[in-house]
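The next block holds one structure in the form of structure tokens; read it before the comments.
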Amino acid sequence: MAELTMFGLLCVCCCFQFIWGNSQLPLQDDYHGAKPTRGEPWPLPQIYTPSSETFSLNYLSFDFPVTGATCDTLTAAIRRYEQIIFGDAELDTRLKFFPGFDRFSSADGSVNSLSVHVQEACDTADNKYPALESNEAYNLTVASPTSQLVAKTVWGALRGLETFSQLIYEGLDGQFEVNKTVIVDFPRFQYRGILLDSSRHFLTVEVLKKNLDAMAYNKFNVFHWHIVDDQAFPYESILFPQMSATGSYFGLSHTYTQAQIKAIVEYARLRGIRVIPEFDTPGHTQSWGKGIQNLLTKCYSSGKPNGNFGPIDPTLNSTYAFLASFFGEVAEVFPDHYIHLGGDEVSFSCCLLNIINSLKKGYLIWQEVIDNGATVRADTIVEVWKGGYQAELAKVTKMGYHALLSSCWYLNLIAYGSDWKRYYACDPWDMVNGTQKQLDLVIGGEACMWGEYVDSTNVISRTWPRAAAVGERLWSNKDVRDGTKAAPRMAEHRCRLIRRGFQAEPVNGPDYCEHEYSGV
């Protein structure tokens, strides 16, 4: 009895020591242990009406008939989503995602096909690439025996196919199942971006493509490619090949060739994603100066050059000739209407803006350009990234400019716990005394993953599924704000990404995914 009493006292003391010694740890939040939903979409559609009636799908005979306009983009998407949902018949992986598949099901009926109807012609000269104005709306009706997806454009059809793929889940008997559902959906914001930085650490082409897949699975539509910076210049210029030869980290192995860039742009296009390159100027250009003589402003000590350099030198005529040629090439390589010119953390010279104007391209800029009083075009898009963004958004939109928000979505700043809830709570319409006219000038935002401490080994796991919180904020209705309600869907979505081959990190504390170690 004495031994038991002593054991009990030791247990009490140990528990007391654990609680007292860990009193400074962050408190457990409400999201821990959120049970994953089954067949719930992310981001949440604008109008989402599921029912308890369930249907089975036979992977051997399921079909995607096209009843409207068709094109290579749509054909490729249907093939892609057939593989995402059922696996690849040619590679004998049709049982890959739901290994417990059984022909027999207790469902109320069956769905034999998804009819896809696109109203407008696609892959034409006018709409080959997605644009800021692209229509991404779609209607989806899941019914037996035929479900229907209707969209005005192929870009809307892509979003609808993604939603349909998310509605399918593994039933209790191992069968592919889907609930009877009616969806009317469209994005809240036109611009839903992810910034990746390939200058601080080089990101492989394979990783960039994998991130584009993840973006499509979360309905992002802009890849903001911060391709070069002070540290490295991994962009291959045909006109100025010495820039990457001397400015990249390790020659050709750390350089994006023109062919690779073209392949990335096309890979993104097929997923309805725009590629907007950022060539941050006139600051953040130390790597440029390694290949172009007399491009950067010389720094002096005691009246003599000290070997250091500042931003691009605006006093030399050769600077403007170089910039005109270089950005002329960039405009040809990247087909999107917009180029991001940076302009942060240094006084901005409007000479560069005139060059971009002459190329018939639009431009995005960081907020400092406006804060420093530079004269910019009326259709300029200003990206707000600093603290106090509520006041800055009000200031920029009051001046009549379109605005993007990224201040609260710097994913490279990590914190212990479910930090996605912080991203989920932030909204582009959070501005000081903004009128409806000002709110309408906010076209969206983007999550930023800066590259000081991420490379190809960890950028995917650090970005996903945390960026998904931003994706839902930018797509779903403004009233979808409850993180506690969203947590179970986030848990399922994280498992969905894992099932699709992503090393998506845990975000809700202790939990597990059914397929996380099943060899997929």
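By convention here, the chains of the structure tokens are called A, B, ... in the order presented, each chain's residues are numbered starting at 1, and ligands are numbered starting at 1 in the order presented.
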Quick one: residues within 8 Å of region 74-82 of chain A, only C-alpha atoms counted, chain neighbours fewer than 2 positions away excluded, as JSON, numbers by chain? {"A": [64, 70, 71, 72, 84, 85, 86, 87, 88, 154, 157, 158, 161, 162, 165, 270, 271]}
Among the residues of region 329-440 of chain A, find those DSSP assigns to helix (DSSP H, G or I) from the backbone and print them as a PyMOL selection string. chain A and resi 329-333+351-358+368-371+389-398+420-425+436-440
Go ahead and dump the residues you just picked, N, CA and C atoms, as a CSV table (one decimal), in the first residue's frame.
```csv
chain,number,residue,atom,x,y,z
A,329,GLU,N,12.6,41.9,-74.7
A,329,GLU,CA,12.8,40.5,-74.7
A,329,GLU,C,11.8,39.8,-73.7
A,330,VAL,N,11.8,40.4,-72.5
A,330,VAL,CA,10.9,39.8,-71.5
A,330,VAL,C,9.5,39.8,-71.9
A,331,ALA,N,9.1,40.9,-72.6
A,331,ALA,CA,7.7,41.0,-73.0
A,331,ALA,C,7.4,39.9,-74.1
A,332,GLU,N,8.3,39.5,-74.8
A,332,GLU,CA,8.1,38.4,-75.8
A,332,GLU,C,8.1,37.0,-75.1
A,333,VAL,N,8.9,36.8,-74.1
A,333,VAL,CA,9.0,35.5,-73.4
A,333,VAL,C,7.8,35.3,-72.6
A,351,CYS,N,11.4,56.4,-65.4
A,351,CYS,CA,11.9,56.1,-66.8
A,351,CYS,C,11.5,54.7,-67.2
A,352,LEU,N,11.6,53.8,-66.3
A,352,LEU,CA,11.3,52.4,-66.6
A,352,LEU,C,9.8,52.2,-66.9
A,353,LEU,N,9.0,53.0,-66.3
A,353,LEU,CA,7.6,52.9,-66.6
A,353,LEU,C,7.3,53.3,-68.0
A,354,ASN,N,8.0,54.3,-68.5
A,354,ASN,CA,7.8,54.7,-69.9
A,354,ASN,C,8.2,53.7,-70.8
A,355,ILE,N,9.3,52.9,-70.5
A,355,ILE,CA,9.7,51.8,-71.4
A,355,ILE,C,8.7,50.8,-71.4
A,356,ILE,N,8.1,50.4,-70.3
A,356,ILE,CA,7.1,49.3,-70.3
A,356,ILE,C,5.8,49.8,-71.1
A,357,ASN,N,5.5,51.1,-70.9
A,357,ASN,CA,4.4,51.7,-71.7
A,357,ASN,C,4.6,51.5,-73.2
A,358,SER,N,5.8,51.7,-73.6
A,358,SER,CA,6.1,51.6,-75.1
A,358,SER,C,5.9,50.2,-75.6
A,368,GLU,N,5.8,51.1,-52.5
A,368,GLU,CA,6.7,52.2,-52.3
A,368,GLU,C,6.7,53.2,-53.5
A,369,VAL,N,6.4,52.6,-54.7
A,369,VAL,CA,6.4,53.5,-55.8
A,369,VAL,C,5.4,54.6,-55.7
A,370,ILE,N,4.2,54.2,-55.2
A,370,ILE,CA,3.1,55.2,-54.9
A,370,ILE,C,3.5,56.1,-53.7
A,371,ASP,N,4.0,55.4,-52.7
A,371,ASP,CA,4.4,56.2,-51.4
A,371,ASP,C,5.5,57.2,-51.7
A,389,TYR,N,-1.6,47.9,-43.5
A,389,TYR,CA,-2.2,47.7,-44.8
A,389,TYR,C,-3.6,48.3,-44.9
A,390,GLN,N,-4.3,48.3,-43.8
A,390,GLN,CA,-5.7,48.8,-43.9
A,390,GLN,C,-5.7,50.3,-44.4
A,391,ALA,N,-4.8,51.1,-43.8
A,391,ALA,CA,-4.7,52.5,-44.2
A,391,ALA,C,-4.1,52.6,-45.6
A,392,GLU,N,-3.1,51.7,-46.0
A,392,GLU,CA,-2.5,51.8,-47.3
A,392,GLU,C,-3.5,51.5,-48.4
A,393,LEU,N,-4.3,50.4,-48.2
A,393,LEU,CA,-5.3,50.0,-49.1
A,393,LEU,C,-6.3,51.2,-49.4
A,394,ALA,N,-6.7,51.9,-48.3
A,394,ALA,CA,-7.6,53.0,-48.4
A,394,ALA,C,-6.9,54.1,-49.2
A,395,LYS,N,-5.6,54.4,-49.0
A,395,LYS,CA,-4.9,55.4,-49.7
A,395,LYS,C,-4.8,55.1,-51.2
A,396,VAL,N,-4.4,53.9,-51.5
A,396,VAL,CA,-4.1,53.6,-52.9
A,396,VAL,C,-5.4,53.6,-53.7
A,397,THR,N,-6.5,53.0,-53.1
A,397,THR,CA,-7.8,53.0,-53.9
A,397,THR,C,-8.4,54.4,-53.9
A,398,LYS,N,-8.2,55.2,-52.9
A,398,LYS,CA,-8.7,56.6,-53.0
A,398,LYS,C,-8.1,57.3,-54.1
A,420,TRP,N,-2.4,28.9,-40.0
A,420,TRP,CA,-3.3,29.2,-41.2
A,420,TRP,C,-4.5,30.0,-40.8
A,421,LYS,N,-4.9,29.9,-39.5
A,421,LYS,CA,-6.1,30.6,-39.1
A,421,LYS,C,-5.9,32.1,-39.1
A,422,ARG,N,-4.6,32.5,-39.0
A,422,ARG,CA,-4.3,34.0,-39.1
A,422,ARG,C,-4.5,34.4,-40.5
A,423,TYR,N,-4.1,33.6,-41.5
A,423,TYR,CA,-4.2,34.0,-42.9
A,423,TYR,C,-5.7,34.0,-43.3
A,424,TYR,N,-6.5,33.0,-42.7
A,424,TYR,CA,-7.9,32.9,-43.0
A,424,TYR,C,-8.7,34.1,-42.5
A,425,ALA,N,-8.2,34.7,-41.4
A,425,ALA,CA,-8.9,35.9,-40.9
A,425,ALA,C,-8.7,37.2,-41.6
A,436,GLN,N,-17.6,51.7,-51.2
A,436,GLN,CA,-17.8,50.5,-52.1
A,436,GLN,C,-17.0,50.7,-53.4
A,437,LYS,N,-16.9,51.9,-53.8
A,437,LYS,CA,-16.1,52.2,-55.0
A,437,LYS,C,-14.6,51.8,-54.8
A,438,GLN,N,-14.1,52.1,-53.6
A,438,GLN,CA,-12.7,51.7,-53.2
A,438,GLN,C,-12.6,50.2,-53.1
A,439,LEU,N,-13.6,49.6,-52.5
A,439,LEU,CA,-13.5,48.1,-52.3
A,439,LEU,C,-13.5,47.4,-53.7
A,440,ASP,N,-14.2,48.0,-54.7
A,440,ASP,CA,-14.3,47.4,-56.0
A,440,ASP,C,-12.9,47.5,-56.7
```
Hey, which bits of region 321-434 of chain A sit within 12 Å of region 190-212 of chain A, and for each residue what's the closest pair of atoms and how far apart in Å (one decimal), counting only C-alpha atoms, rows by chain and increasing number, as a Markdown table?
```
| residue | atom | partner | partner_atom | distance |
| --- | --- | --- | --- | --- |
| A:His340 | CA | A:Leu195 | CA | 11.2 |
| A:Ile381 | CA | A:Tyr191 | CA | 10.8 |
| A:Glu383 | CA | A:Gly193 | CA | 11.4 |
| A:His402 | CA | A:Tyr191 | CA | 11.0 |
| A:Ala403 | CA | A:Tyr191 | CA | 10.0 |
| A:Leu404 | CA | A:Tyr191 | CA | 8.0 |
| A:Leu405 | CA | A:Arg192 | CA | 10.0 |
| A:Ser406 | CA | A:Gly193 | CA | 9.3 |
| A:Trp409 | CA | A:Ile194 | CA | 9.8 |
| A:Tyr410 | CA | A:Leu195 | CA | 9.4 |
| A:Leu411 | CA | A:Leu195 | CA | 9.7 |
| A:Asn412 | CA | A:Leu196 | CA | 10.2 |
| A:Pro428 | CA | A:Arg192 | CA | 11.1 |
```
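Counting only C-alpha atoms and comparing A:Gln260, A:Asn127, A:Thr297, A:Ser115, the residue that lies closest to Thr67 (chain A) is A:Ser115.
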For Val507 (chain A), please output as a ChimeraX atom specification all residues within 10 Å (counting only C-alpha atoms; exclusion window: fewer than 4 positions along the same chain). /A:31-32,416-421,464-466,487,490-491,494,511
Write out as number ranges by chain each polymer residue whose atoms come within 7 Å of Asp336 (chain A), counting only C-alpha atoms; drop sequence neighbours fewer than 6 positions from it. A: 274-276
Near-Gly251 (chain A) list (10 Å; only C-alpha atoms; drop same-chain fewer than 5 positions) as a PyMOL selection string: chain A and resi 233-234+244-246
Written selection (C-alpha atoms) as an mmCIF file, in the first residue's frame:
```
data_model
loop_
_atom_site.group_PDB
_atom_site.id
_atom_site.type_symbol
_atom_site.label_atom_id
_atom_site.label_comp_id
_atom_site.auth_asym_id
_atom_site.auth_seq_id
_atom_site.Cartn_x
_atom_site.Cartn_y
_atom_site.Cartn_z
ATOM 1 C CA PHE A 233 20.073 36.089 -61.801
ATOM 2 C CA PRO A 234 18.805 32.674 -62.982
ATOM 3 C CA SER A 244 22.902 34.526 -66.073
ATOM 4 C CA ALA A 245 26.401 33.260 -66.872
ATOM 5 C CA THR A 246 27.870 35.579 -64.244
#
```
Looking only at strand (DSSP E) from DSSP on the backbone, list the matching residues of region 192-221 of chain A as an MDAnalysis selection string. chainID A and resid 192:197
Using only C-alpha atoms, which residue out of A:Gly444, A:Pro305, A:Pro506, A:Pro335 lies closest to Ser476 (chain A)? A:Gly444
From the set A:Asp313, A:Ala137, A:Gln286, A:Asp108, which residue has the shortest atom-to-atom contact distance to Lys298 (chain A), counting only C-alpha atoms?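 With only C-alpha atoms as the atom set, the closest residue is A:Asp313.
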Hey, which of A:Thr435, A:Glu446, A:Gly451, A:Leu323 ends up closest to Ile227 (chain A)? Count only C-alpha atoms.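 Closest residue, counting only C-alpha atoms: A:Gly451.
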Smallest atom-to-atom distance to Ala216 (chain A): which of A:Thr124, A:Asn508, A:Thr163, A:Gln242, using only C-alpha atoms?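 Using only C-alpha atoms, Ala216 (chain A) sits closest to A:Thr163.
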Between A:Thr181, A:Gln175, A:Thr463, A:Gln119, which one has atoms that come closest to Trp155 (chain A), using only C-alpha atoms?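 Among the listed residues, the smallest separation from Trp155 (chain A) belongs to A:Gln119.
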Show me, as a VMD selection string, the residues that have an atom within 10 Å of His284 (chain A) when counting only C-alpha atoms, minus same-chain residues fewer than 3 positions from it. chain A and resid 228 to 232 279 to 281 287 to 288 310 to 312 342 to 346
